[in-house]
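S.K.: Below is one structure. I have some questions about it.
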Amino acid sequence: MKQKKFILQEHEIPTQWYNIQADMPNKPMPPLNPKTHEPLGVDDLAHIFPRECCVQELDTEHSWIDIPEEVLEKYRFYRSTPLVRAYALEEALGTPAHIYFKNESTNPLGSHKINSAIPQCYYAKQEGTTNVTTETGAGQWGMALSYAAKLYGLDAAVYQVKITMQQKPYRSSVMRTFGAAVVGSPSMSTRAGKDIITRDPMHPGSLGTAISEAVELATTTPNCKYTLGSVLNHVALHQSIIGLEAEKQMAMAGEYPDTVIACFGGGSNFGGLAFPFMRHNILDGKTTEFIAAEPASCPKLTRGKFEYDFGDEAGYTPLLPMFTLGHDFKPANIHAGGLRYHGAGMIVSQLVKDGLMHGVDIQQLETFEAGMLFARTEGIIPAPESTHAIAATIREAKKCKETGEEKVILFGLSGHGLIDMPSYEAYINGDLRNYELTDADLQQSMSRVPKLIND
Ligand SMILES: *Cc1c(COP(=O)(O)O)cnc(C)c1O
């Protein structure tokens, strides 16, 4: 009998997160104070984020970090998630490759984001915080955070990118269902928002503008902490639960991946799935290939530069060493809202530099074509973000068809697209298009990046 799904029992769920920083051949360079350019320590970050998250952020020593029992208890609400062999997709492609996907779309709110929302709210609650704030692009993180805040009795305020509020109207309804306050960004409720609207009244908003506003709220409101759904090291740490489960589940299937693929916004679902496997490349001589799939309209890994840059549009955050398109880069209004971010996480940026992984960029129409094929074969409508991973997987599977290689490919299904139907509707009606990013636009946004790295 061909087994389709591999599922761990609750007692088999990993009880520690994996911190790849401890095992990296070259550690990520430190975040810098934007004024003094001095490396930042835990105390410098702890007025913005929950302190324990700051400790985890800068921990380059411990490979394994215990998951608090109170977090594990909430993980058991929905974990483990299934590892699935995509037989129907393989058949449709006529590929000899074995394709597996780790299905995070079964989580509460339909994406992997809840895996980090829970510990971030737990640590905030532990230190006596009453309010949390954040930004959200596509709305997935805002929804997950709203629910996690409710689980721990915290009040949540979410700045949502204006353009996605219009493209994806029900996201804010979901957040309000969980009791969060939702504001479209840029807004007039913060100094950062006012400045951006004054410069550009029609600004559609970006993750960068929303981060500026949420950080300002957190630093000017007592007992309020900022939380972030991607990019930072501690978020990838929490998401490692995905890959640690997948490692056990691949063993149940009697296989080990030759290729691991995930879509790439800031790196949290990629890191979560990939890092536990990458540790075997670093420590045990495995040769798995790691591919991060990004949109051609926001291609920081394939066309960005490795520089110290701000995490937000207004330049409030620390300077982070990352592959960036420039902190005021304005990505095209593609439907994969969660991938419209100008920079890559610090860990991934270092790993790309060191050749341990690489990016591929994919145009919007190819991603939706892949999403449609996946829906019609495996029966799950993927999030527009996740379709990037599927498109990259299909490229690899087609190569296998040509070469006859029986590669084992594992990809991350980071979320479902059931509240992204306006995007699918537009694709089906032929109203979506590709976006070319010109060298001139890229040069312009890069010209405002501080040049602190000489190489
Ligand atoms: C947020 C999101 C992403 C992109 O964020 P990463 O940190 O790169 O994972 C991808 N897929 C889904 C479904 C998301 O919600």
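We name chains A, B, ... following the order of the structure tokens; residues begin at 1 in each chain, and ligands are numbered from 1 as shown.
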Around ligand 1, at most 7 Å away and counting only C-alpha atoms and all ligand atoms, which residues are there? Put them as a list of chain:residue names, please.
M.R.: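 Going residue by residue within 7 Å of ligand 1, we get A:Ser111, A:His112, A:Lys113, A:Ala138, A:Gln140, A:Trp141, A:Gly229, A:Ser230, A:Val231, A:Cys263, A:Phe264, A:Gly265, A:Gly266, A:Gly267, A:Ser268, A:Asn269, A:Phe270, A:Gly338, A:Leu339, A:Ala383, A:Glu385, A:Ser386, A:Ser414, A:Gly415, A:His416.
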S.K.: Could you pull out the alpha helix (DSSP H) residues of segment 204-425 of chain A, going by DSSP on the backbone, and write them as a PyMOL selection string?
M.R.: chain A and resi 207-220+233-252+268-284+300-303+346-353+364-378+386-403+421-425
S.K.: Write the selection just made, keeping C-alpha atoms, as a CSV table (one decimal), in the first residue's frame?
M.R.:
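Saved to out_13.csv:
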chain,number,residue,atom,x,y,z
A,207,LEU,CA,5.5,46.0,5.2
A,208,GLY,CA,8.1,48.7,5.7
A,209,THR,CA,5.6,51.4,6.4
A,210,ALA,CA,3.6,49.2,8.7
A,211,ILE,CA,6.7,48.1,10.7
A,212,SER,CA,7.6,51.8,11.2
A,213,GLU,CA,4.2,52.5,12.7
A,214,ALA,CA,4.0,49.5,14.9
A,215,VAL,CA,7.5,50.0,16.3
A,216,GLU,CA,6.6,53.6,17.1
A,217,LEU,CA,3.5,52.5,18.9
A,218,ALA,CA,5.4,49.9,20.9
A,219,THR,CA,8.1,52.4,21.9
A,220,THR,CA,5.7,55.2,22.9
A,233,ASN,CA,16.3,35.0,13.9
A,234,HIS,CA,14.0,34.1,16.8
A,235,VAL,CA,11.1,33.8,14.4
A,236,ALA,CA,13.0,31.2,12.3
A,237,LEU,CA,13.9,29.5,15.6
A,238,HIS,CA,10.2,29.0,16.6
A,239,GLN,CA,9.4,27.9,13.0
A,240,SER,CA,12.0,25.1,13.2
A,241,ILE,CA,9.3,23.0,14.7
A,242,ILE,CA,8.2,22.5,11.0
A,243,GLY,CA,11.4,21.0,9.8
A,244,LEU,CA,12.0,19.0,13.0
A,245,GLU,CA,8.7,17.3,12.6
A,246,ALA,CA,9.3,16.9,8.8
A,247,GLU,CA,12.7,15.2,9.6
A,248,LYS,CA,10.9,12.5,11.7
A,249,GLN,CA,8.1,12.2,9.1
A,250,MET,CA,10.5,11.7,6.2
A,251,ALA,CA,12.2,9.0,8.2
A,252,MET,CA,8.7,7.3,8.6
A,268,SER,CA,10.5,32.2,8.4
A,269,ASN,CA,8.8,29.3,6.7
A,270,PHE,CA,11.9,28.7,4.6
A,271,GLY,CA,14.2,28.6,7.7
A,272,GLY,CA,11.6,26.7,9.7
A,273,LEU,CA,11.5,23.9,7.1
A,274,ALA,CA,15.1,24.0,5.8
A,275,PHE,CA,17.4,24.7,8.8
A,276,PRO,CA,16.9,21.3,10.6
A,277,PHE,CA,17.9,19.6,7.4
A,278,MET,CA,20.7,22.0,6.6
A,279,ARG,CA,22.3,21.1,9.9
A,280,HIS,CA,23.1,17.7,8.4
A,281,ASN,CA,24.8,19.5,5.5
A,282,ILE,CA,26.9,21.5,7.9
A,283,LEU,CA,27.6,18.8,10.5
A,284,ASP,CA,27.2,15.4,8.7
A,300,LYS,CA,16.2,40.3,-2.9
A,301,LEU,CA,18.1,37.0,-2.9
A,302,THR,CA,18.7,36.9,-6.7
A,303,ARG,CA,19.1,40.6,-7.4
A,346,MET,CA,20.0,37.8,8.6
A,347,ILE,CA,20.6,34.1,8.9
A,348,VAL,CA,19.5,33.4,5.4
A,349,SER,CA,21.5,36.3,4.0
A,350,GLN,CA,24.7,34.8,5.6
A,351,LEU,CA,23.8,31.3,4.4
A,352,VAL,CA,23.4,32.6,0.8
A,353,LYS,CA,26.7,34.4,1.0
A,364,GLN,CA,3.4,35.8,-10.9
A,365,LEU,CA,1.7,34.0,-13.8
A,366,GLU,CA,4.0,30.9,-13.4
A,367,THR,CA,3.2,30.8,-9.7
A,368,PHE,CA,-0.6,30.9,-10.2
A,369,GLU,CA,-0.3,28.2,-13.0
A,370,ALA,CA,1.5,26.0,-10.4
A,371,GLY,CA,-1.1,26.8,-7.8
A,372,MET,CA,-3.9,25.8,-10.1
A,373,LEU,CA,-2.2,22.5,-11.0
A,374,PHE,CA,-1.6,21.8,-7.3
A,375,ALA,CA,-5.3,22.5,-6.4
A,376,ARG,CA,-6.5,20.3,-9.2
A,377,THR,CA,-4.3,17.4,-8.3
A,378,GLU,CA,-3.9,17.5,-4.5
A,386,SER,CA,3.1,29.1,-1.2
A,387,THR,CA,2.5,28.8,-5.0
A,388,HIS,CA,6.1,30.1,-5.4
A,389,ALA,CA,7.4,27.0,-3.6
A,390,ILE,CA,5.1,24.8,-5.8
A,391,ALA,CA,6.3,26.5,-9.0
A,392,ALA,CA,10.0,26.0,-8.0
A,393,THR,CA,9.2,22.3,-7.1
A,394,ILE,CA,7.5,21.8,-10.5
A,395,ARG,CA,10.7,23.2,-12.2
A,396,GLU,CA,12.8,20.7,-10.3
A,397,ALA,CA,10.4,17.9,-11.0
A,398,LYS,CA,10.5,18.6,-14.7
A,399,LYS,CA,14.3,18.6,-14.7
A,400,CYS,CA,14.0,15.1,-13.1
A,401,LYS,CA,11.7,14.1,-15.9
A,402,GLU,CA,14.4,15.1,-18.4
A,403,THR,CA,17.3,13.4,-16.6
A,421,MET,CA,-10.0,33.8,-3.9
A,422,PRO,CA,-10.2,37.3,-5.5
A,423,SER,CA,-6.6,36.6,-6.6
A,424,TYR,CA,-7.5,33.3,-8.1
A,425,GLU,CA,-10.6,34.9,-9.7
S.K.: Can you list, as a PyMOL selection string, all residues belonging to segment 7-107 of chain A that DSSP tags as strand (DSSP E)?
M.R.: chain A and resi 16-18+64-66+83-85+98-103
S.K.: Could you turn the residues from that selection into a file that holds N, CA, C and O atoms, as an mmCIF file, in the first residue's frame?
M.R.:
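The resulting file, again_30.cif, is shown below:
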data_model
loop_
_atom_site.group_PDB
_atom_site.id
_atom_site.type_symbol
_atom_site.label_atom_id
_atom_site.label_comp_id
_atom_site.auth_asym_id
_atom_site.auth_seq_id
_atom_site.Cartn_x
_atom_site.Cartn_y
_atom_site.Cartn_z
ATOM 1 N N GLN A 16 12.084 20.679 21.624
ATOM 2 C CA GLN A 16 13.090 21.739 21.549
ATOM 3 C C GLN A 16 13.062 22.346 20.154
ATOM 4 O O GLN A 16 12.750 21.654 19.183
ATOM 5 N N TRP A 17 13.379 23.645 20.075
ATOM 6 C CA TRP A 17 13.573 24.279 18.775
ATOM 7 C C TRP A 17 15.048 24.144 18.383
ATOM 8 O O TRP A 17 15.924 24.018 19.251
ATOM 9 N N TYR A 18 15.305 24.232 17.085
ATOM 10 C CA TYR A 18 16.675 24.167 16.590
ATOM 11 C C TYR A 18 17.180 25.562 16.204
ATOM 12 O O TYR A 18 16.539 26.260 15.418
ATOM 13 N N TRP A 64 20.131 23.919 20.634
ATOM 14 C CA TRP A 64 18.792 23.445 21.011
ATOM 15 C C TRP A 64 18.244 24.295 22.138
ATOM 16 O O TRP A 64 18.934 24.544 23.128
ATOM 17 N N ILE A 65 17.003 24.733 21.994
ATOM 18 C CA ILE A 65 16.368 25.581 23.001
ATOM 19 C C ILE A 65 15.024 24.961 23.373
ATOM 20 O O ILE A 65 14.196 24.644 22.501
ATOM 21 N N ASP A 66 14.838 24.725 24.689
ATOM 22 C CA ASP A 66 13.606 24.070 25.154
ATOM 23 C C ASP A 66 12.375 24.900 24.796
ATOM 24 O O ASP A 66 12.363 26.115 25.002
ATOM 25 N N LEU A 83 2.831 15.453 6.876
ATOM 26 C CA LEU A 83 3.752 15.396 5.727
ATOM 27 C C LEU A 83 3.027 14.540 4.688
ATOM 28 O O LEU A 83 2.550 13.448 5.006
ATOM 29 N N VAL A 84 2.929 15.052 3.465
ATOM 30 C CA VAL A 84 2.104 14.384 2.453
ATOM 31 C C VAL A 84 2.938 14.089 1.216
ATOM 32 O O VAL A 84 3.712 14.940 0.768
ATOM 33 N N ARG A 85 2.803 12.904 0.685
ATOM 34 C CA ARG A 85 3.421 12.575 -0.613
ATOM 35 C C ARG A 85 2.449 12.990 -1.716
ATOM 36 O O ARG A 85 1.293 12.543 -1.734
ATOM 37 N N HIS A 98 10.160 12.029 -6.312
ATOM 38 C CA HIS A 98 9.227 11.814 -5.216
ATOM 39 C C HIS A 98 8.982 13.169 -4.565
ATOM 40 O O HIS A 98 9.911 13.755 -4.012
ATOM 41 N N ILE A 99 7.759 13.650 -4.629
ATOM 42 C CA ILE A 99 7.469 14.990 -4.114
ATOM 43 C C ILE A 99 6.691 14.874 -2.798
ATOM 44 O O ILE A 99 5.636 14.223 -2.743
ATOM 45 N N TYR A 100 7.229 15.492 -1.767
ATOM 46 C CA TYR A 100 6.546 15.563 -0.471
ATOM 47 C C TYR A 100 6.275 17.022 -0.136
ATOM 48 O O TYR A 100 7.045 17.896 -0.513
ATOM 49 N N PHE A 101 5.173 17.268 0.591
ATOM 50 C CA PHE A 101 5.007 18.615 1.127
ATOM 51 C C PHE A 101 4.611 18.565 2.591
ATOM 52 O O PHE A 101 3.945 17.637 3.032
ATOM 53 N N LYS A 102 5.123 19.548 3.328
ATOM 54 C CA LYS A 102 4.793 19.688 4.745
ATOM 55 C C LYS A 102 3.655 20.700 4.818
ATOM 56 O O LYS A 102 3.817 21.861 4.433
ATOM 57 N N ASN A 103 2.510 20.235 5.300
ATOM 58 C CA ASN A 103 1.279 21.007 5.145
ATOM 59 C C ASN A 103 0.967 21.870 6.373
ATOM 60 O O ASN A 103 0.293 21.438 7.295
#
S.K.: Give the answer as one residue: which of A:Ser173, A:Thr438, A:Thr198, A:Gln363 has the shortest atom-to-atom distance to Glu294 of chain A, using only C-alpha atoms?
M.R.: A:Gln363
S.K.: Choose the residue, out of A:Ile13, A:Val132, A:Cys53, A:Val42, that has the smallest atom-to-atom separation from Lys74 of chain A; count only C-alpha atoms.
M.R.: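 Nearest to Lys74 of chain A: A:Ile13.
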S.K.: Calculated over only C-alpha atoms, which of the candidates A:Gly137, A:Pro295, A:Gly326, A:Pro222 has the smallest distance to Ile48 of chain A?
M.R.: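 Using only C-alpha atoms, the shortest distance to Ile48 of chain A belongs to A:Pro222.
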S.K.: Could you tell me which of A:Gly337, A:Thr317, A:Lys150, A:Ile114 comes closest to Lys162 of chain A if we count only C-alpha atoms?
M.R.: A:Gly337
S.K.: So that I can see what lies close to Phe49 of chain A, please list as a list of chain:residue names the residues with an atom at most 7 Å from it, counting only C-alpha atoms and leaving out residues fewer than 5 positions away in the same chain.
M.R.: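 Close residues of Phe49 of chain A: A:Cys54, A:Lys225, A:Tyr226, A:Thr227.
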S.K.: Selection from above, C-alpha atoms, as a compact mmCIF listing (two decimals), in the first residue's frame, can you write it?
M.R.:
# COMPACT_ATOMS: atom_id res chain seq x y z
CA CYS A 54 15.92 39.20 22.18
CA LYS A 225 5.70 45.10 22.97
CA TYR A 226 6.27 44.77 19.26
CA THR A 227 6.13 41.37 17.59
S.K.: Could you give me, as a ChimeraX atom specification, the residues within 6 Å of Thr259 of chain A, counting only C-alpha atoms and dropping anything in the same chain fewer than 5 positions from it?
M.R.: /A:288-290,409
S.K.: I'd like to know which of A:Ala22, A:Ile380, A:Met357, A:Ala253 is closest to Ile7 of chain A, using only C-alpha atoms.
M.R.: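 Smallest distance to Ile7 of chain A is found for A:Ala253.
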S.K.: Measuring between only C-alpha atoms, which one of A:Gly205, A:Lys4, A:Lys451, A:Gly345 shows the shortest distance to Ala192 of chain A?
M.R.: A:Gly205
S.K.: Name all residues at most 12 Å from Phe77 of chain A (count only C-alpha atoms; drop same-chain ones fewer than 2 positions away) and give them as a list in words.
M.R.: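 So the residues in contact are Glu10, Ile13, Glu70, Val71, Leu72, Glu73, Lys74, Tyr75, Arg79, Ser80, Thr81, Thr106, Asn107, Pro108, Ile114, Asn115, Ile118, Ala148 and Leu151 of chain A.
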S.K.: How many Å separate atom CA of Ala181 of chain A from atom CA of Thr221 of chain A?
M.R.: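 Value for the atom CA of Ala181 of chain A-atom CA of Thr221 of chain A distance: 15.0 Å.
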